[in-house]
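The structure appears right after this line, and notes come after that.
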Amino acid sequence: MSEQKSIEKSIHIIPLKRVYFGRRANRADRAIRLIRKYLARHYKGAEKIIIDPAINNYVWSRGREKPPRRVVVEVRFDKEERVVKAFLVRPSRASRR
């Protein structure tokens with residue numbers, strides 16, 4: 001029972017708008033780094049950040065040059081082990097056509 005209380009869950013909408021200001025060639029690469037940086041900023045006590053492969057697949061789904069503008073993720077922060085895990089909640093409206 002105490003194991004469940006040490007995990008903090010929250011949903012974040014991570015904007016990836018800044019990725020589009022640079023070169024086209026490696027936007028998806030920078031988007032993944034920006035997600036990791038965002039999580040590190042919001043969870044300062046974390047020693048390890050784990051990004052689910054579904055997030056990576058979603059960012060790369062439209063290719064390297066056109067990543068999505070935002071990503072909705074569920075973040076689980078284990079306070080005892082100091083590990084942040086990010087999971088894809090749902091793709092944005094634009095990709096559900």
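Order determines the names: the first chain of the structure tokens is A, the second B, and so forth; residues in each chain are numbered 1 upward, and ligands are numbered 1 upward as they are shown.
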Contact residues around Ala40 (chain A) with only C-alpha atoms at 12 Å, ignoring same-chain residues under 2 positions, as an MDAnalysis selection string: chainID A and resid 33:38 42:51 75 77 82:86
Test item: residues at most 8 Å from region 8-20 of chain A, only C-alpha atoms, excluding those fewer than 4 positions along its chain, as a count of residues only: 20
Computed interatomic separation between CA of Asn57 (chain A) and CA of Gly22 (chain A) (Å):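 Separation between CA of Asn57 (chain A) and CA of Gly22 (chain A): 21.2 Å.
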Between CA of Ala54 (chain A) and CA of Leu39 (chain A), distance in Å (one decimal): 16.3 Å
Computed interatomic separation between CA of Leu88 (chain A) and CA of Ile55 (chain A) (Å): 5.4 Å
Per-residue DSSP, chain A, filtered to helix (DSSP H, G or I), as a VMD selection string: chain A and resid 2 to 5 17 to 21 27 to 42 53 to 60 93 to 96
